Each structure stands twice: as C-alpha cells, then as structure tokens.
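Heads up, model_10.cif below (mmCIF, C-alpha atoms and all ligand atoms):
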```cif
data_start
#
loop_
_atom_site.label_atom_id
_atom_site.label_comp_id
_atom_site.auth_asym_id
_atom_site.auth_seq_id
_atom_site.Cartn_x
_atom_site.Cartn_y
_atom_site.Cartn_z
CA MET X 1 25.86 -33.28 15.83
CA ILE X 2 24.67 -29.67 16.04
CA PRO X 3 21.01 -29.98 15.01
CA PHE X 4 19.61 -27.63 12.41
CA LEU X 5 16.80 -26.56 14.73
CA ASP X 6 16.47 -27.91 18.26
CA LEU X 7 12.72 -27.59 18.81
CA LYS X 8 12.70 -29.76 21.90
CA SER X 9 15.23 -27.55 23.69
CA ILE X 10 13.46 -24.41 22.53
CA ASN X 11 10.12 -25.50 24.02
CA THR X 12 11.64 -27.10 27.12
CA GLN X 13 12.86 -23.64 28.19
CA TYR X 14 9.20 -22.74 28.81
CA ARG X 15 8.05 -26.15 30.02
CA GLN X 16 6.34 -24.99 33.22
CA GLU X 17 4.66 -22.01 31.56
CA LEU X 18 3.37 -24.25 28.76
CA ILE X 19 2.05 -26.81 31.24
CA ASP X 20 0.30 -24.07 33.23
CA ALA X 21 -1.29 -22.75 30.04
CA ALA X 22 -2.39 -26.24 28.95
CA THR X 23 -3.86 -26.87 32.40
CA ARG X 24 -5.81 -23.62 32.18
CA VAL X 25 -7.35 -24.79 28.87
CA ILE X 26 -8.15 -28.30 30.14
CA ASP X 27 -9.80 -26.93 33.25
CA SER X 28 -11.79 -24.29 31.34
CA GLY X 29 -13.93 -26.90 29.63
CA TRP X 30 -13.94 -24.72 26.46
CA TYR X 31 -11.72 -25.81 23.56
CA ILE X 32 -12.67 -23.92 20.40
CA GLN X 33 -13.15 -20.15 19.97
CA GLY X 34 -12.91 -19.08 23.58
CA GLN X 35 -10.94 -16.71 25.78
CA GLU X 36 -7.45 -17.98 24.89
CA LEU X 37 -7.97 -17.34 21.17
CA LYS X 38 -9.50 -13.96 21.84
CA ALA X 39 -6.59 -12.97 24.06
CA PHE X 40 -3.96 -14.26 21.62
CA GLU X 41 -5.60 -12.45 18.70
CA GLN X 42 -5.53 -9.19 20.65
CA GLU X 43 -1.92 -9.72 21.79
CA PHE X 44 -0.67 -10.61 18.32
CA ALA X 45 -2.56 -7.73 16.64
CA ASP X 46 -0.99 -5.38 19.21
CA TYR X 47 2.43 -6.92 18.55
CA CYS X 48 2.10 -6.35 14.79
CA GLY X 49 0.39 -2.97 15.12
CA THR X 50 -2.85 -3.89 13.32
CA THR X 51 -6.44 -3.58 14.51
CA HIS X 52 -7.30 -7.21 13.73
CA CYS X 53 -5.82 -10.66 14.02
CA ILE X 54 -7.90 -13.65 12.95
CA GLY X 55 -6.68 -17.06 14.08
CA VAL X 56 -6.91 -19.82 11.47
CA ALA X 57 -5.73 -23.41 11.24
CA ASN X 58 -2.36 -22.82 9.52
CA GLY X 59 -0.35 -20.42 7.39
CA LEU X 60 -1.56 -21.74 4.05
CA ASP X 61 -5.16 -21.15 5.13
CA ALA X 62 -4.28 -17.61 6.25
CA LEU X 63 -3.12 -16.80 2.72
CA THR X 64 -5.84 -18.77 0.91
CA LEU X 65 -8.71 -17.36 2.98
CA THR X 66 -7.51 -13.78 2.53
CA LEU X 67 -7.50 -14.08 -1.26
CA ARG X 68 -10.85 -15.87 -1.08
CA ALA X 69 -12.28 -13.06 1.07
CA TRP X 70 -11.18 -10.49 -1.52
CA LYS X 71 -13.07 -12.54 -4.12
CA GLU X 72 -16.20 -12.65 -1.94
CA LEU X 73 -15.94 -8.87 -1.49
CA GLY X 74 -15.69 -8.36 -5.26
CA LYS X 75 -12.11 -7.07 -5.14
CA LEU X 76 -10.65 -10.05 -7.03
CA GLN X 77 -12.09 -12.28 -9.72
CA GLU X 78 -11.08 -15.67 -11.07
CA GLY X 79 -8.31 -15.25 -13.62
CA ASP X 80 -6.91 -12.01 -12.17
CA GLU X 81 -3.12 -11.88 -12.13
CA VAL X 82 -1.26 -12.03 -8.82
CA ILE X 83 2.47 -11.32 -8.76
CA VAL X 84 4.68 -13.48 -6.50
CA THR X 85 8.37 -14.38 -6.38
CA ALA X 86 9.28 -17.55 -8.31
CA ASN X 87 11.62 -18.78 -5.53
CA THR X 88 9.13 -18.76 -2.66
CA TYR X 89 7.97 -21.72 -0.61
CA ILE X 90 5.18 -23.36 -2.62
CA ALA X 91 2.44 -22.44 -0.10
CA SER X 92 2.49 -18.78 -1.26
CA ILE X 93 1.63 -20.01 -4.76
CA LEU X 94 -0.87 -22.70 -3.71
CA ALA X 95 -2.95 -19.96 -2.06
CA ILE X 96 -3.17 -18.15 -5.40
CA THR X 97 -3.94 -21.14 -7.62
CA GLU X 98 -6.41 -22.63 -5.11
CA ASN X 99 -8.47 -19.47 -5.68
CA ARG X 100 -8.23 -19.86 -9.49
CA LEU X 101 -6.20 -16.69 -9.72
CA LYS X 102 -3.27 -16.55 -12.12
CA ALA X 103 0.14 -16.66 -10.40
CA VAL X 104 2.63 -14.48 -12.27
CA LEU X 105 6.07 -15.58 -11.12
CA VAL X 106 8.85 -13.01 -11.06
CA GLU X 107 12.54 -13.51 -10.41
CA PRO X 108 13.66 -12.23 -6.97
CA ASP X 109 16.33 -9.72 -6.08
CA ALA X 110 19.57 -11.74 -6.31
CA ALA X 111 20.88 -10.61 -2.91
CA THR X 112 17.74 -10.65 -0.73
CA TYR X 113 15.65 -13.46 -2.36
CA ASN X 114 12.64 -11.14 -2.06
CA LEU X 115 10.59 -9.11 -4.54
CA CYS X 116 12.56 -6.59 -6.55
CA PRO X 117 10.55 -3.38 -7.15
CA VAL X 118 11.91 -3.02 -10.71
CA LYS X 119 11.11 -6.59 -11.77
CA THR X 120 7.73 -6.34 -10.04
CA ALA X 121 6.86 -3.13 -11.90
CA ALA X 122 7.84 -4.79 -15.19
CA ALA X 123 5.43 -7.68 -14.53
CA ILE X 124 2.36 -5.46 -13.97
CA THR X 125 -0.30 -5.69 -16.73
CA SER X 126 -3.89 -4.45 -17.00
CA LYS X 127 -4.95 -7.79 -15.44
CA THR X 128 -2.71 -7.52 -12.37
CA LYS X 129 -4.83 -7.08 -9.26
CA ALA X 130 -2.61 -8.15 -6.37
CA ILE X 131 0.92 -8.80 -5.14
CA VAL X 132 1.89 -11.51 -2.65
CA ALA X 133 4.96 -10.06 -0.93
CA VAL X 134 6.84 -12.94 0.71
CA HIS X 135 9.33 -12.08 3.47
CA LEU X 136 11.55 -15.06 2.73
CA TYR X 137 14.03 -16.44 5.28
CA GLY X 138 12.88 -13.78 7.80
CA GLN X 139 13.77 -10.65 5.83
CA LEU X 140 11.11 -8.10 4.95
CA ALA X 141 10.51 -7.51 1.26
CA PRO X 142 11.11 -3.84 0.28
CA MET X 143 7.64 -2.84 1.52
CA PRO X 144 7.85 0.97 1.15
CA GLU X 145 8.60 0.51 -2.56
CA ILE X 146 6.05 -2.30 -3.02
CA MET X 147 3.28 -0.27 -1.35
CA ALA X 148 4.11 2.77 -3.50
CA LEU X 149 3.84 0.60 -6.60
CA ALA X 150 0.55 -0.89 -5.34
CA ASP X 151 -0.90 2.60 -4.70
CA GLN X 152 0.12 3.73 -8.15
CA HIS X 153 -1.55 0.72 -9.85
CA GLN X 154 -4.37 0.15 -7.32
CA LEU X 155 -3.21 -3.32 -6.38
CA LEU X 156 -3.97 -5.33 -3.26
CA VAL X 157 -0.93 -6.42 -1.26
CA LEU X 158 -0.93 -9.63 0.77
CA GLU X 159 2.19 -10.20 2.85
CA ASP X 160 3.35 -13.77 3.37
CA SER X 161 4.85 -13.25 6.82
CA ALA X 162 5.14 -16.96 7.68
CA GLN X 163 8.91 -16.59 8.19
CA ALA X 164 9.10 -13.00 9.45
CA HIS X 165 7.34 -12.50 12.82
CA GLY X 166 8.66 -9.23 14.25
CA ALA X 167 10.77 -8.06 11.29
CA GLU X 168 10.45 -4.32 10.76
CA ILE X 169 11.32 -1.39 8.53
CA ASN X 170 11.14 2.14 10.02
CA GLY X 171 9.53 0.67 13.16
CA LYS X 172 6.65 -0.88 11.19
CA LYS X 173 6.38 -4.64 11.51
CA ALA X 174 5.69 -7.53 9.16
CA GLY X 175 1.94 -7.97 9.09
CA ASN X 176 1.27 -4.23 9.14
CA TRP X 177 2.60 -3.21 5.73
CA GLY X 178 0.20 -4.78 3.25
CA HIS X 179 -3.61 -4.69 3.14
CA ALA X 180 -3.44 -8.03 4.93
CA SER X 181 -0.82 -10.53 5.99
CA GLY X 182 -0.73 -14.29 6.49
CA PHE X 183 1.27 -15.81 9.37
CA SER X 184 2.15 -19.43 10.08
CA PHE X 185 2.80 -20.70 13.60
CA TYR X 186 4.03 -24.11 12.41
CA PRO X 187 6.32 -25.43 15.21
CA GLY X 188 9.55 -24.60 13.36
CA LYS X 189 8.62 -20.98 12.59
CA ASN X 190 10.07 -18.14 14.70
CA LEU X 191 6.78 -18.00 16.61
CA GLY X 192 5.84 -21.67 16.71
CA ALA X 193 2.88 -23.45 18.29
CA LEU X 194 3.03 -27.08 19.45
CA GLY X 195 1.03 -28.10 16.40
CA ASP X 196 -0.47 -26.36 13.38
CA ALA X 197 -1.73 -22.80 13.65
CA GLY X 198 -1.88 -19.59 11.62
CA ALA X 199 -3.39 -16.11 11.54
CA VAL X 200 -4.24 -13.17 9.32
CA THR X 201 -3.49 -9.63 10.44
CA THR X 202 -5.18 -6.62 8.86
CA SER X 203 -6.59 -3.22 9.78
CA ASP X 204 -9.49 -3.59 7.31
CA ASP X 205 -12.72 -4.26 9.31
CA GLU X 206 -14.72 -5.66 6.42
CA LEU X 207 -11.93 -8.00 5.34
CA ALA X 208 -11.43 -9.21 8.92
CA GLN X 209 -15.14 -10.04 9.29
CA THR X 210 -15.20 -11.88 5.98
CA ILE X 211 -12.13 -14.00 6.80
CA ARG X 212 -13.58 -14.81 10.22
CA ALA X 213 -16.81 -16.01 8.61
CA LEU X 214 -15.05 -17.97 5.84
CA GLY X 215 -12.98 -19.90 8.37
CA ASN X 216 -16.06 -20.80 10.39
CA TYR X 217 -18.25 -22.53 7.72
CA GLY X 218 -19.01 -19.17 6.11
CA SER X 219 -21.02 -18.23 9.17
CA HIS X 220 -21.01 -14.70 10.60
CA LYS X 221 -23.73 -15.57 13.10
CA LYS X 222 -24.48 -18.97 14.63
CA TYR X 223 -26.42 -21.20 12.20
CA GLU X 224 -26.57 -18.48 9.53
CA ASN X 225 -24.23 -18.94 6.59
CA LEU X 226 -23.27 -16.13 4.28
CA TYR X 227 -20.64 -18.08 2.31
CA GLN X 228 -19.76 -21.64 1.37
CA GLY X 229 -16.98 -21.52 3.92
CA VAL X 230 -14.49 -23.97 5.41
CA ASN X 231 -13.49 -25.03 8.92
CA SER X 232 -10.16 -23.34 9.63
CA ARG X 233 -9.77 -22.31 13.26
CA LEU X 234 -6.97 -21.82 15.77
CA ASP X 235 -7.96 -23.90 18.79
CA GLU X 236 -7.74 -22.85 22.44
CA MET X 237 -4.84 -25.19 23.25
CA GLN X 238 -2.59 -23.80 20.49
CA ALA X 239 -3.68 -20.23 21.27
CA ALA X 240 -2.62 -20.79 24.89
CA MET X 241 0.76 -22.20 23.77
CA LEU X 242 1.25 -19.22 21.44
CA ARG X 243 0.52 -16.70 24.20
CA VAL X 244 3.44 -18.20 26.15
CA LYS X 245 5.73 -18.26 23.12
CA LEU X 246 4.87 -14.70 22.03
CA LYS X 247 6.20 -13.35 25.35
CA HIS X 248 9.61 -14.81 24.51
CA LEU X 249 9.66 -14.06 20.78
CA ASP X 250 11.74 -10.88 20.89
CA ALA X 251 14.38 -12.46 23.12
CA GLU X 252 14.61 -15.47 20.78
CA THR X 253 14.85 -13.18 17.77
CA GLN X 254 17.67 -11.28 19.46
CA ARG X 255 19.58 -14.54 19.98
CA ARG X 256 19.03 -15.48 16.32
CA LYS X 257 20.49 -12.11 15.34
CA GLU X 258 23.53 -12.62 17.58
CA ILE X 259 24.19 -16.01 16.00
CA ALA X 260 23.77 -14.59 12.48
CA HIS X 261 26.01 -11.67 13.32
CA ALA X 262 28.70 -14.07 14.58
CA TYR X 263 28.40 -16.11 11.36
CA ALA X 264 28.62 -13.01 9.16
CA GLN X 265 31.75 -11.84 10.97
CA GLY X 266 33.39 -15.21 11.47
CA ILE X 267 32.82 -16.99 8.16
CA ASN X 268 35.37 -15.67 5.71
CA ASN X 269 35.50 -18.49 3.19
CA PRO X 270 35.30 -16.85 -0.26
CA ALA X 271 33.64 -20.01 -1.66
CA LEU X 272 30.50 -19.20 0.37
CA MET X 273 28.06 -16.36 -0.27
CA GLN X 274 26.43 -15.00 2.88
CA PRO X 275 23.04 -13.37 3.49
CA ILE X 276 24.33 -10.46 5.56
CA GLY X 277 27.54 -8.48 5.18
CA PRO X 278 30.40 -8.63 7.73
CA ASN X 279 29.89 -4.95 8.53
CA THR X 280 26.20 -5.29 9.44
CA THR X 281 25.73 -4.24 13.07
CA LEU X 282 23.24 -5.87 15.43
CA ASP X 283 21.24 -2.63 15.91
CA THR X 284 20.77 -2.11 12.19
CA LEU X 285 19.60 -5.70 11.70
CA THR X 286 15.88 -4.92 12.14
CA ALA X 287 14.35 -5.91 8.80
CA HIS X 288 15.65 -9.49 9.17
CA VAL X 289 14.61 -11.87 11.96
CA LEU X 290 16.84 -14.70 10.70
CA HIS X 291 14.26 -17.45 10.41
CA LEU X 292 16.92 -19.10 8.28
CA TYR X 293 20.61 -18.34 7.74
CA VAL X 294 20.99 -19.24 4.09
CA ILE X 295 24.40 -19.35 2.45
CA ARG X 296 25.12 -20.20 -1.16
CA SER X 297 27.77 -22.31 -2.81
CA THR X 298 28.24 -23.65 -6.33
CA ALA X 299 29.60 -26.81 -4.65
CA ARG X 300 26.63 -27.34 -2.35
CA ALA X 301 26.62 -31.14 -2.23
CA ALA X 302 30.31 -31.22 -1.23
CA LEU X 303 29.76 -28.42 1.29
CA GLN X 304 26.80 -30.18 2.90
CA ALA X 305 28.78 -33.45 3.16
CA HIS X 306 31.79 -31.59 4.61
CA LEU X 307 29.63 -29.88 7.25
CA ALA X 308 27.89 -33.13 8.17
CA ALA X 309 31.30 -34.77 8.67
CA ALA X 310 32.21 -31.84 10.93
CA GLY X 311 29.07 -32.41 13.04
CA VAL X 312 26.90 -29.66 11.56
CA GLN X 313 23.41 -30.50 10.30
CA THR X 314 22.16 -28.35 7.41
CA LEU X 315 18.96 -28.25 5.34
CA ILE X 316 18.01 -26.96 1.90
CA HIS X 317 15.26 -24.32 1.59
CA TYR X 318 14.22 -25.37 -1.02
CA PRO X 319 15.57 -28.06 -3.34
CA ILE X 320 13.01 -27.73 -6.20
CA PRO X 321 11.48 -24.43 -7.39
CA PRO X 322 7.66 -24.35 -7.59
CA HIS X 323 7.58 -24.07 -11.40
CA GLN X 324 9.50 -27.35 -11.65
CA GLN X 325 7.22 -29.27 -9.29
CA GLN X 326 4.91 -32.02 -10.61
CA ALA X 327 2.02 -30.08 -9.08
CA TYR X 328 2.63 -27.36 -11.67
CA ALA X 329 3.70 -29.60 -14.54
CA HIS X 330 2.02 -27.16 -16.97
CA TRP X 331 4.61 -24.51 -15.99
CA GLN X 332 7.64 -26.61 -16.84
CA ALA X 333 8.36 -24.73 -20.05
CA GLN X 334 8.74 -21.52 -18.07
CA SER X 335 12.28 -20.55 -17.23
CA TYR X 336 13.56 -18.57 -14.23
CA PRO X 337 17.36 -18.92 -14.38
CA LEU X 338 18.09 -16.98 -11.19
CA THR X 339 15.48 -18.91 -9.22
CA GLU X 340 16.84 -22.20 -10.57
CA ALA X 341 20.41 -21.23 -9.63
CA ILE X 342 19.27 -20.28 -6.13
CA HIS X 343 17.60 -23.67 -5.66
CA GLN X 344 20.81 -25.41 -6.73
CA GLN X 345 23.08 -23.40 -4.43
CA VAL X 346 21.30 -22.56 -1.16
CA LEU X 347 22.14 -24.22 2.15
CA SER X 348 20.72 -23.31 5.56
CA LEU X 349 23.08 -23.32 8.57
CA PRO X 350 21.81 -24.22 12.07
CA ILE X 351 20.17 -21.24 13.79
CA SER X 352 18.39 -22.40 16.96
CA PRO X 353 17.98 -19.63 19.52
CA VAL X 354 19.23 -22.21 22.06
CA MET X 355 22.62 -22.75 20.35
CA SER X 356 25.63 -22.17 22.57
CA ASP X 357 28.54 -19.91 21.57
CA THR X 358 30.68 -23.04 21.29
CA ASP X 359 28.22 -24.50 18.76
CA VAL X 360 28.33 -21.25 16.80
CA GLN X 361 32.15 -21.31 16.73
CA GLN X 362 32.07 -24.94 15.58
CA VAL X 363 29.81 -24.03 12.64
CA ILE X 364 32.06 -21.10 11.70
CA ALA X 365 35.22 -23.23 11.86
CA ALA X 366 33.60 -25.96 9.76
CA CYS X 367 32.53 -23.44 7.10
CA ASN X 368 35.98 -21.87 6.97
CA ALA X 369 37.67 -25.28 6.62
CA PHE X 370 35.68 -26.11 3.48
CA GLN X 371 37.67 -26.25 0.28
CA ALA X 372 35.67 -26.34 -2.94
CA GLY X 373 36.82 -28.66 -5.71
C1 LIG X 401 5.52 -22.22 6.39
C2 LIG X 401 5.15 -21.31 5.27
C3 LIG X 401 3.84 -21.22 4.79
C4 LIG X 401 2.73 -22.16 5.22
O1 LIG X 401 2.49 -22.23 6.56
P1 LIG X 401 1.81 -23.56 7.19
O2 LIG X 401 1.44 -23.15 8.56
O3 LIG X 401 2.83 -24.64 7.14
O4 LIG X 401 0.62 -23.87 6.33
C5 LIG X 401 3.54 -20.26 3.84
N1 LIG X 401 4.50 -19.48 3.33
C6 LIG X 401 5.78 -19.55 3.73
C7 LIG X 401 6.79 -18.63 3.12
C8 LIG X 401 6.15 -20.48 4.70
O5 LIG X 401 7.43 -20.57 5.08
#
```

Any chance you could give the structure as structure tokens?
Ligand SMILES: *Cc1c(COP(=O)(O)O)cnc(C)c1O
Amino acid sequence: MIPFLDLKSINTQYRQELIDAATRVIDSGWYIQGQELKAFEQEFADYCGTTHCIGVANGLDALTLTLRAWKELGKLQEGDEVIVTANTYIASILAITENRLKAVLVEPDAATYNLCPVKTAAAITSKTKAIVAVHLYGQLAPMPEIMALADQHQLLVLEDSAQAHGAEINGKKAGNWGHASGFSFYPGKNLGALGDAGAVTTSDDELAQTIRALGNYGSHKKYENLYQGVNSRLDEMQAAMLRVKLKHLDAETQRRKEIAHAYAQGINNPALMQPIGPNTTLDTLTAHVLHLYVIRSTARAALQAHLAAAGVQTLIHYPIPPHQQQAYAHWQAQSYPLTEAIHQQVLSLPISPVMSDTDVQQVIAACNAFQAG
C-alpha cells in the first residue's frame, strides 16, 4: 500500500541530525524558553520575512492568541464580525468563536478553495473588523486583493498558514502578507515537529509582545501579570527538532511540487477534477506548496474504494463542513451549497516528499483506470 503520508520515512531521513539536536537539549539542562526556541524563532521569522516569530503550543493557539491579543489591544471587541471561508478546517473557526467574535462564513472560490475577493467584499458590513485568510491545502489565498480590500475597509487580516509554509506570491511568503499569521507544526504539516507546536509571525512589535505575554500566563515580566493569560509555549525539544526540519523544508517542498506536477500531467481521467492544470510548470508553481493534492469526483466513495484496491491510500480533507458539525449545531440552518459539494467530492492523493517515482506512476495509473458508474 502506498501510504497517504509516510511520516516515519520523512523523519528517518534526518535521524542523526534529530538525535544530535535532542542530545543538545538534554545536555543543556534547560527545557522551556531557552536558546533553541530563541534560535528557531529568529530562523523562522527570517524564513518568512517578518520581524517577529512567537513560538506557541500549537496552530490553534497561534490563531486564538492573535485574535485575543487584538482584543486586549482594543482593536477587536466581542461580537465583531470576522470573515472566514466556510470550507476551512474547523480550527480557523474555533479561534474566532473561542474569542466570542462572530464568524461570518463565506463560500470559497470554486477552483482554489480559498477566499474569493468578490464574495469577501460582499460579506463586509459595518461590523466587520477582521478577515481570517486561510491558505488551504498549501495554496496562498489571493493576498494582494485581500490586503487591498482590508486597507480600503480598515480590517485586520490574520493568515491561517498552517498548511502553507513557504508558499509565496511575488516573492512574499505566507506569514508575511497579513497583519499576523498563525502556523502549525503538527507532525503531518509541511514543516512538522515531532509533537505539537505552532507559531505566530508578525512585524507588529506591540502585537508580538502581547502574544508573547498571553502565552506565558499573561506575564510580560517574571511574576508580573498584565493579562489573564494561558500557558501556550513551544518547548526547547520541539524547537530543536524544528530547526533541523526547517533546513530541509524547501527541498521537501520541491519534491512535493514534482509529485504534484507529475500527477497534473499524468492523470487524464475526465471523471476527476484536479487542483492544478496540466500546463502548470514547476517554476510557476510558487503560490502552492502542495500540503495536500486534492482531487474531486462526484463518485468519491467508488473512487476511494478503487484506489484502495489498487494499493493507494487516500484521505478526505474534510468529510463534514464546520457549519454542519455538532459543535456548531446552531448554524445548521445556514446553507453553503458550494462548500457542501466540496465536502462530498474531495479526495486527497498521497503526497509524501519521500515517495518514489514508481509510487507516483502507480497512483497515476490507478486514477486513470477508474471508471465512474
Ligand atoms: C492543522 C491546522 C490548524 C491547527 O493546527 P494545530 O497545530 O493542529 O492546532 C489550523 N488551521 C488549519 C488550516 C490547519 O490545517
């Protein structure tokens, strides 16, 4: 079976480097908020092009604490409207509702699954104060257009970059487009730790300080507490693992792009809709880092069974849209037909950076052999 994502093989490539880094942490005698975190924060801020990176415990906290910081700074208030795509992973929305802000769900662009500037503009009211721009599946949302809209209406923009480490438009990376950006380093993300981890990137000094305090019991100075904060920190061990993984991120992303490019060129089954066109060249594929290679089919269940029989493991990202989850039972009367169709049709093909060319050809052949109905 070709696994959907072969995490063990991915991390085993760097086994000795990871062991050396872990040894350095063990021998340092310092496990929380030390040199490894400091170094990783600097390296990741440099990678994204921002002045700050604040390590936190996970991606959800990165998003939640940023919105919370804007509340503490008086830039957001309970009940303010925050626009977000209806088809995102639920964490983007949990960060909004956890802060008692009102999530305004908008349908995505049908081809990119990301915010559509026209639909976003139509959702703006006098109560809209922020936009959460999710870069779903590894593709940047149309940030030049979103930032222009935000400037025009004086809105805050928080990027959800959990799936888009290194994606760029005009040389500007995910994490450096909005006023702040939340990253996840969950093991299966493109930049994955060996446990939970996350970070916020921003070039706003005041915001950076506030997030740092909020994640450390609300303390800006030892034993002095400005806010009723939480404990959300990126520990030394995970920071050390991430410093190793960051060095290899661009090479892994390149391999993901090669695999995606081979899929786009090789899969020619008209029953399957693909995320990138057959004429896309590798050099122009900069805005998409292929966290997931998501195809669509109106016969998804049959397609998934066919691929499994052909030795290809696939996953669904995601089977139930947020507005139809029990957690948001009070939204069930809302209707987002495009989002609902997407959730019924999407299927993610394997895209491990460690896949061999033979594996890639096997996936292509299996997709082309599928006959709907
Ligand atoms: C993974 C993910 C998150 C949450 O990150 P965690 O580290 O798992 O908390 C948020 N948003 C998106 C789009 C994600 O894919």

Can you work out which one of X:Cys48, X:Val134, X:Ile342, X:Leu349 has the shortest atom-to-atom distance to ligand LIG 401 (chain X), counting all atoms listed in the file?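 Of the candidates, the smallest distance to ligand LIG 401 (chain X) is held by X:Val134.
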
One number please: atom CA of Ser297 of chain X to atom CA of Gln345 of chain X, in Å, one decimal.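 Separation between atom CA of Ser297 of chain X and atom CA of Gln345 of chain X: 5.1 Å.
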
Take atom CA of Pro144 of chain X and atom CA of Ala121 of chain X and report the distance between them in Å, one decimal.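 Separation between atom CA of Pro144 of chain X and atom CA of Ala121 of chain X: 13.7 Å.
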
Long-range neighbours of segment 184-194 of chain X as a list in words, 8 Å cut-off, all atoms listed in the file, 3 positions minimum in chain: Leu5, Leu7, Asn58, Gly59, Leu60, Ala62, Ser161, Ala162, Gln163, Ala164, His165, Ala197, Gly198, Ala199, Gln238, Ala239, Met241, Leu242, Lys245, Leu246, Leu249, Thr253 and His291 of chain X

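Take the candidates X:Ser126, X:Phe183, X:Cys116, X:Ile19 and check each one against ligand LIG 401 (chain X) using only C-alpha atoms and all ligand atoms; the shortest distance goes to X:Phe183.
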
Could you check which of X:Gly34, X:Gly182, X:Pro3, X:Gly229 is closest to ligand LIG 401 (chain X), using all atoms listed in the file?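 Going through X:Gly34, X:Gly182, X:Pro3, X:Gly229 one by one, the smallest distance to ligand LIG 401 (chain X) is for X:Gly182.
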
Kindly indicate which residue among X:Val84, X:Ile10, X:Ile146, X:Ile124 lies nearest to Val354 of chain X, using only C-alpha atoms for the distances.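 Closest to Val354 of chain X, using only C-alpha atoms: X:Ile10.
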